[in-house]
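These notes are about the structure you will find just below.
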Amino acid sequence: MTLKITLGFEGREQSIIDMFAESFTASEGADEGELIGCLVRDLLSQTPTTDVRVFCAEAEGRIIGTAVFTRLTYAEDPQSVFLLSPMAVTPDRQRKGVGETLLTEALKDLRREGAQIAITYGDPNYYKRVGFLPMTEEQARAPLPLSQSHGWIGQSLEDGSAPLLRGPSTCVSALNRADIW
């Protein structure tokens, strides 16, 4: 399998939405698949292009994985921060290194463009493979209350250390929903 990592989503919105819905339905059930599919639709249609980066893993002419990064702004900190949410790999390609390759390349690209910190809210055991470390709310406040604080993880894209960010944070409007935090 030849894996190609691309940046951008124009003209591929529905394929990306469908891939997320399929993946989350398979792992979490139909309600979660619908929720995440709608979230991705909103992220792609409502987020200014300066505040979103969509990385796709493609093989054999189809999208098999996608990582969506959006700007996370800290009121009292000038650092460039991107939040990974959501990310998925199609069920038939999971546990084959697709997600890890996708994230490794996406983080390299963000680093090249000058992003300083990447944060996500997910499984620490999975994301540690690509350098994410557990964080506390004192290190970097989440934009909304977290339902599982152990899943708040991040990394400096400059030196790999745990981030330290000052002040409250603001996420893009599509992620400003308590039901996903």
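Going through the structure tokens in order, the chains are called A, B, and so on, while each chain numbers its residues from 1 and the ligands are numbered from 1 in the order shown.
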| request: Using only C-alpha atoms, determine which residues lie at most 12 Å from Ala140 of chain A, disregarding the query and same-chain residues fewer than 4 positions distant; provide the list as a count of residues only. | output: 33
| Counting only C-alpha atoms, what is within 8 Å of Leu7 of chain A, bar same-chain residues fewer than 6 positions away, as a ChimeraX atom specification? | /A:53-56
Go ahead and write the residues just picked, all heavy atoms, as a tab-separated table (two decimals), in the first residue's frame.
```
chain	number	residue	atom	x	y	z
A	53	ARG	N	-6.48	23.30	9.29
A	53	ARG	CA	-5.58	22.50	8.46
A	53	ARG	C	-6.14	21.08	8.45
A	53	ARG	O	-6.32	20.48	9.52
A	53	ARG	CB	-4.15	22.46	9.01
A	53	ARG	CG	-3.50	23.81	9.26
A	53	ARG	CD	-3.20	24.56	7.97
A	53	ARG	NE	-2.55	25.83	8.26
A	53	ARG	CZ	-3.17	26.95	8.60
A	53	ARG	NH1	-4.49	26.98	8.73
A	53	ARG	NH2	-2.51	28.07	8.82
A	54	VAL	N	-6.40	20.55	7.27
A	54	VAL	CA	-6.95	19.21	7.13
A	54	VAL	C	-5.94	18.36	6.38
A	54	VAL	O	-5.62	18.65	5.23
A	54	VAL	CB	-8.31	19.24	6.40
A	54	VAL	CG1	-8.86	17.83	6.23
A	54	VAL	CG2	-9.30	20.13	7.15
A	55	PHE	N	-5.45	17.34	7.06
A	55	PHE	CA	-4.47	16.42	6.48
A	55	PHE	C	-5.16	15.09	6.21
A	55	PHE	O	-5.84	14.55	7.08
A	55	PHE	CB	-3.31	16.20	7.45
A	55	PHE	CG	-2.52	17.45	7.73
A	55	PHE	CD1	-2.87	18.29	8.79
A	55	PHE	CD2	-1.44	17.81	6.94
A	55	PHE	CE1	-2.16	19.45	9.06
A	55	PHE	CE2	-0.72	18.97	7.19
A	55	PHE	CZ	-1.09	19.79	8.25
A	56	CYS	N	-4.99	14.58	4.99
A	56	CYS	CA	-5.62	13.32	4.61
A	56	CYS	C	-4.57	12.28	4.24
A	56	CYS	O	-3.58	12.60	3.57
A	56	CYS	CB	-6.55	13.52	3.42
A	56	CYS	SG	-7.95	14.59	3.76
```
| task | Just list the residues in segment 14-169 of chain A DSSP gives strand (DSSP E or B) on the backbone, as JSON, numbers by chain. | result | {"A": [52, 53, 54, 55, 56, 57, 58, 59, 62, 63, 64, 65, 66, 67, 68, 69, 70, 71, 73, 74, 77, 81, 82, 83, 84, 85, 86, 87, 88, 89, 117, 118, 119, 120, 121, 133, 134, 152, 153, 154, 155, 156, 169]}
With N, CA and C atoms retained, could you export that selection as a compact mmCIF listing (two decimals), in the first residue's frame?
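For reference, again_31.txt as written:
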```
# COMPACT_ATOMS: atom_id res chain seq x y z
N VAL A 52 -7.80 26.53 9.94
CA VAL A 52 -8.00 25.08 9.84
C VAL A 52 -6.96 24.47 8.90
N ARG A 53 -6.48 23.30 9.29
CA ARG A 53 -5.58 22.50 8.46
C ARG A 53 -6.14 21.08 8.45
N VAL A 54 -6.40 20.55 7.27
CA VAL A 54 -6.95 19.21 7.13
C VAL A 54 -5.94 18.36 6.38
N PHE A 55 -5.45 17.34 7.06
CA PHE A 55 -4.47 16.42 6.48
C PHE A 55 -5.16 15.09 6.21
N CYS A 56 -4.99 14.58 4.99
CA CYS A 56 -5.62 13.32 4.61
C CYS A 56 -4.57 12.28 4.24
N ALA A 57 -4.81 11.06 4.68
CA ALA A 57 -4.02 9.91 4.25
C ALA A 57 -4.83 9.26 3.14
N GLU A 58 -4.18 9.05 2.00
CA GLU A 58 -4.86 8.48 0.85
C GLU A 58 -4.11 7.24 0.37
N ALA A 59 -4.89 6.25 -0.04
CA ALA A 59 -4.33 5.03 -0.63
C ALA A 59 -5.30 4.53 -1.68
N ARG A 62 -8.44 6.65 -2.49
CA ARG A 62 -9.48 7.04 -1.53
C ARG A 62 -8.87 7.53 -0.22
N ILE A 63 -9.63 8.36 0.48
CA ILE A 63 -9.20 8.89 1.77
C ILE A 63 -9.42 7.80 2.82
N ILE A 64 -8.34 7.43 3.51
CA ILE A 64 -8.43 6.37 4.53
C ILE A 64 -8.14 6.90 5.93
N GLY A 65 -7.80 8.15 6.03
CA GLY A 65 -7.56 8.76 7.34
C GLY A 65 -7.52 10.27 7.20
N THR A 66 -7.97 10.95 8.24
CA THR A 66 -7.97 12.41 8.23
C THR A 66 -7.72 12.94 9.62
N ALA A 67 -6.91 13.99 9.69
CA ALA A 67 -6.65 14.70 10.94
C ALA A 67 -6.99 16.17 10.70
N VAL A 68 -7.88 16.70 11.53
CA VAL A 68 -8.30 18.09 11.42
C VAL A 68 -7.67 18.88 12.57
N PHE A 69 -6.90 19.89 12.23
CA PHE A 69 -6.29 20.79 13.21
C PHE A 69 -6.92 22.17 13.04
N THR A 70 -7.31 22.79 14.16
CA THR A 70 -7.85 24.14 14.12
C THR A 70 -7.11 25.00 15.14
N ARG A 71 -7.13 26.29 14.88
CA ARG A 71 -6.42 27.22 15.75
C ARG A 71 -7.06 27.25 17.14
N THR A 73 -6.66 29.66 20.45
CA THR A 73 -6.09 30.95 20.83
C THR A 73 -6.07 31.12 22.34
N TYR A 74 -4.94 31.53 22.86
CA TYR A 74 -4.79 31.82 24.29
C TYR A 74 -4.68 33.33 24.44
N ASP A 77 -1.30 34.70 25.64
CA ASP A 77 -0.09 34.03 25.15
C ASP A 77 -0.02 34.16 23.63
N VAL A 81 -0.89 27.99 18.34
CA VAL A 81 -1.35 26.71 18.86
C VAL A 81 -2.42 26.14 17.94
N PHE A 82 -2.31 24.84 17.65
CA PHE A 82 -3.34 24.15 16.88
C PHE A 82 -3.86 22.96 17.68
N LEU A 83 -5.18 22.77 17.61
CA LEU A 83 -5.87 21.69 18.30
C LEU A 83 -6.24 20.62 17.29
N LEU A 84 -5.82 19.39 17.56
CA LEU A 84 -6.19 18.25 16.73
C LEU A 84 -7.54 17.73 17.21
N SER A 85 -8.56 17.86 16.39
CA SER A 85 -9.88 17.35 16.74
C SER A 85 -10.83 17.56 15.58
N PRO A 86 -11.34 16.48 15.05
CA PRO A 86 -11.10 15.07 15.33
C PRO A 86 -10.05 14.48 14.38
N MET A 87 -9.81 13.21 14.61
CA MET A 87 -8.91 12.42 13.77
C MET A 87 -9.51 11.03 13.65
N ALA A 88 -9.41 10.43 12.49
CA ALA A 88 -9.93 9.06 12.30
C ALA A 88 -9.22 8.37 11.15
N VAL A 89 -9.25 7.05 11.21
CA VAL A 89 -8.77 6.18 10.14
C VAL A 89 -9.90 5.19 9.85
N ILE A 117 2.81 24.88 19.08
CA ILE A 117 2.26 23.89 20.01
C ILE A 117 1.08 23.17 19.34
N ALA A 118 0.99 21.86 19.60
CA ALA A 118 -0.16 21.06 19.17
C ALA A 118 -0.77 20.44 20.42
N ILE A 119 -2.10 20.49 20.49
CA ILE A 119 -2.84 19.93 21.62
C ILE A 119 -3.93 19.05 21.07
N THR A 120 -4.31 18.03 21.81
CA THR A 120 -5.48 17.24 21.47
C THR A 120 -6.15 16.75 22.73
N TYR A 121 -7.31 16.19 22.56
CA TYR A 121 -8.11 15.66 23.66
C TYR A 121 -8.48 14.25 23.27
N LEU A 133 2.11 14.62 25.29
CA LEU A 133 2.32 14.35 26.70
C LEU A 133 1.11 14.83 27.51
N PRO A 134 0.81 14.17 28.63
CA PRO A 134 -0.29 14.63 29.47
C PRO A 134 -0.05 16.07 29.93
N TRP A 152 -6.36 15.33 28.11
CA TRP A 152 -5.86 16.63 27.66
C TRP A 152 -4.35 16.50 27.51
N ILE A 153 -3.87 16.49 26.28
CA ILE A 153 -2.46 16.21 26.00
C ILE A 153 -1.94 17.18 24.94
N GLY A 154 -0.62 17.41 24.97
CA GLY A 154 -0.05 18.33 24.00
C GLY A 154 1.44 18.16 23.85
N GLN A 155 2.00 18.96 22.96
CA GLN A 155 3.45 18.94 22.76
C GLN A 155 3.92 20.25 22.14
N SER A 156 5.13 20.61 22.51
CA SER A 156 5.79 21.72 21.83
C SER A 156 6.28 21.19 20.49
N SER A 169 -8.44 29.98 26.95
CA SER A 169 -8.32 29.66 25.52
C SER A 169 -9.68 29.75 24.84
```
| query | How many Å lie between atom CA of Ser161 of chain A and atom CA of Leu43 of chain A, rounded to one decimal? | reply |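 That distance, rounded to one decimal, is 28.4 Å.
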| query | If you run DSSP on this backbone, which residues of segment 13-151 of chain A come out as helix (DSSP H, G or I), and could you give them as a ChimeraX atom specification? | reply | /A:13-28,30-46,49-51,91-93,98-112,124-130,149-151
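In this comparison, which uses only C-alpha atoms, the residue of A:Asn176, A:Thr104, A:Gln148, A:Ser27 approaching Arg129 of chain A most closely is A:Thr104.
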